Amino acid sequence: MYGDEATVRKILTELGDTWAVVGLSNNRQRAAYGVAEVLQRFGKRVVPVHPKAETVHGEQGYASLADIPFDVDVVDVFVNSDLAGPVADAAVAKGADAVWFQLGVVDEAAYGRTRDAGLEMVMDRCPAIEIPRLG
């Protein structure tokens with residue numbers, strides 16, 4: 001398991017409310033769209049990061065993490081595992097406090113690099129499943 005219950009709770013309740021969601025677009029069929037909606041319901045500011053830089057759920061989108069002109073607390077990653085490592089590295093460079101790899105997104109080397117850089121990290125879990133459990 002990549003991210004124990006204490007880490008999950010810390011990311012969801014203590015590390016801040018600005019979440020960059022990498023892979024979020026206006027495609028309602030994609031998991032990122034629904035997860036972002038849940039995060040917003042629980043008080044998170046969701047910032048879409050997608051090459052199209054679309055506005056999603058009322059928030060301006062950006063083509064990359066580096067393009068976001070403000071601080072980001074958590075980077076939530078909805079890309080294939082093969083592409084996730086560079087996103088985690090960009091999250092470290094951006095100064096995020098945590099990285100969250102969604103269900104099915106696994107890159108053990110990126111997990112190690114991100115933790116070694118001092119960030120909290122969860123991998124292969126979904127915040128939309130975890131946040132309601134916190135009560």
# chains A, B, ... in the order shown; residues from 1 in each chain; ligands from 1
call {"tool": "select_by_dssp", "arguments": {"residues": "range 74-134 of chain A", "states": "alpha helix (DSSP H)", "output": "PDB file with C-alpha atoms, in the first residue's frame"}}
result
ATOM      1  CA  SER A  81       1.548   5.266 -15.138  1.00  0.00           C
ATOM      2  CA  ASP A  82       4.140   5.744 -17.894  1.00  0.00           C
ATOM      3  CA  LEU A  83       3.561   9.510 -17.763  1.00  0.00           C
ATOM      4  CA  ALA A  84       3.080   9.897 -14.004  1.00  0.00           C
ATOM      5  CA  GLY A  85       6.745  10.154 -12.970  1.00  0.00           C
ATOM      6  CA  PRO A  86       7.395  13.424 -14.810  1.00  0.00           C
ATOM      7  CA  VAL A  87       4.191  14.852 -13.310  1.00  0.00           C
ATOM      8  CA  ALA A  88       5.393  13.953  -9.810  1.00  0.00           C
ATOM      9  CA  ASP A  89       8.733  15.611 -10.579  1.00  0.00           C
ATOM     10  CA  ALA A  90       6.882  18.726 -11.786  1.00  0.00           C
ATOM     11  CA  ALA A  91       4.883  18.730  -8.540  1.00  0.00           C
ATOM     12  CA  VAL A  92       8.136  18.729  -6.568  1.00  0.00           C
ATOM     13  CA  ALA A  93       9.462  21.582  -8.727  1.00  0.00           C
ATOM     14  CA  LYS A  94       6.193  23.507  -8.239  1.00  0.00           C
ATOM     15  CA  GLU A 108       7.360   3.110  -7.587  1.00  0.00           C
ATOM     16  CA  ALA A 109      10.437   5.115  -8.630  1.00  0.00           C
ATOM     17  CA  ALA A 110       8.383   8.329  -8.716  1.00  0.00           C
ATOM     18  CA  TYR A 111       6.919   7.457  -5.324  1.00  0.00           C
ATOM     19  CA  GLY A 112      10.418   7.142  -3.883  1.00  0.00           C
ATOM     20  CA  ARG A 113      11.681  10.369  -5.492  1.00  0.00           C
ATOM     21  CA  THR A 114       8.650  12.313  -4.319  1.00  0.00           C
ATOM     22  CA  ARG A 115       8.893  11.045  -0.735  1.00  0.00           C
ATOM     23  CA  ASP A 116      12.677  11.666  -0.741  1.00  0.00           C
ATOM     24  CA  PRO A 127      -9.556  10.827  -2.916  1.00  0.00           C
ATOM     25  CA  ALA A 128     -13.238  10.771  -3.924  1.00  0.00           C
ATOM     26  CA  ILE A 129     -13.483   7.370  -2.234  1.00  0.00           C
ATOM     27  CA  GLU A 130     -11.352   8.323   0.759  1.00  0.00           C
ATOM     28  CA  ILE A 131     -12.659  11.790   1.669  1.00  0.00           C
ATOM     29  CA  PRO A 132     -16.243  10.735   2.547  1.00  0.00           C
ATOM     30  CA  ARG A 133     -14.811   8.075   4.886  1.00  0.00           C
TER      31      ARG A 133
END
call {"tool": "atom_distance", "arguments": {"atom1": "CA of Gly58 in chain A", "atom2": "CA of Asp124 in chain A"}}
result
27.2 Å
call {"tool": "select_by_dssp", "arguments": {"residues": "range 7-116 of chain A", "states": "strand (DSSP E or B)", "output": "PyMOL selection string"}}
result
chain A and resi 18-22+45-49+56+59+62+74-77+98-101
call {"tool": "closest_residue", "arguments": {"among": "A:Ala36, A:Val79, A:Leu24, A:Leu119", "to": "Val106 in chain A", "atoms": "only C-alpha atoms"}}
result
A:Val79
call {"tool": "residues_around", "arguments": {"residues": "Ala20 in chain A", "least_positions_apart": "6", "cutoff": "9 Å", "atoms": "only C-alpha atoms", "output": "ChimeraX atom specification"}}
result
/A:45-49,65,68,72-77
call {"tool": "closest_residue", "arguments": {"among": "A:Ala98, A:Ala66, A:Ala117, A:Val56", "to": "Ala32 in chain A", "atoms": "only C-alpha atoms"}}
result
A:Val56
call {"tool": "atom_distance", "arguments": {"atom1": "CA of Asp67 in chain A", "atom2": "CA of Gly3 in chain A"}}
result
27.9 Å
call {"tool": "decode", "arguments": {"residues": "range 80-122 of chain A", "atoms": "C-alpha atoms", "output": "compact mmCIF listing (two decimals), in the first residue's frame"}}
result
# COMPACT_ATOMS: atom_id res chain seq x y z
CA ASN A 80 -1.09 6.72 -17.43
CA SER A 81 1.55 5.27 -15.14
CA ASP A 82 4.14 5.74 -17.89
CA LEU A 83 3.56 9.51 -17.76
CA ALA A 84 3.08 9.90 -14.00
CA GLY A 85 6.74 10.15 -12.97
CA PRO A 86 7.40 13.42 -14.81
CA VAL A 87 4.19 14.85 -13.31
CA ALA A 88 5.39 13.95 -9.81
CA ASP A 89 8.73 15.61 -10.58
CA ALA A 90 6.88 18.73 -11.79
CA ALA A 91 4.88 18.73 -8.54
CA VAL A 92 8.14 18.73 -6.57
CA ALA A 93 9.46 21.58 -8.73
CA LYS A 94 6.19 23.51 -8.24
CA GLY A 95 6.57 23.27 -4.46
CA ALA A 96 3.46 21.21 -3.78
CA ASP A 97 3.06 19.55 -0.38
CA ALA A 98 1.68 16.26 -1.70
CA VAL A 99 1.13 14.12 -4.78
CA TRP A 100 -1.79 11.75 -5.21
CA PHE A 101 -1.69 9.08 -7.95
CA GLN A 102 -5.17 7.85 -8.80
CA LEU A 103 -6.38 4.26 -8.87
CA GLY A 104 -4.30 2.29 -11.35
CA VAL A 105 -1.53 4.90 -11.51
CA VAL A 106 1.62 3.28 -10.14
CA ASP A 107 5.25 4.35 -10.48
CA GLU A 108 7.36 3.11 -7.59
CA ALA A 109 10.44 5.11 -8.63
CA ALA A 110 8.38 8.33 -8.72
CA TYR A 111 6.92 7.46 -5.32
CA GLY A 112 10.42 7.14 -3.88
CA ARG A 113 11.68 10.37 -5.49
CA THR A 114 8.65 12.31 -4.32
CA ARG A 115 8.89 11.04 -0.74
CA ASP A 116 12.68 11.67 -0.74
CA ALA A 117 11.94 15.27 -1.77
CA GLY A 118 9.84 15.65 1.40
CA LEU A 119 6.35 15.49 -0.08
CA GLU A 120 3.54 13.32 1.18
CA MET A 121 2.36 10.82 -1.40
CA VAL A 122 -0.45 8.37 -1.99
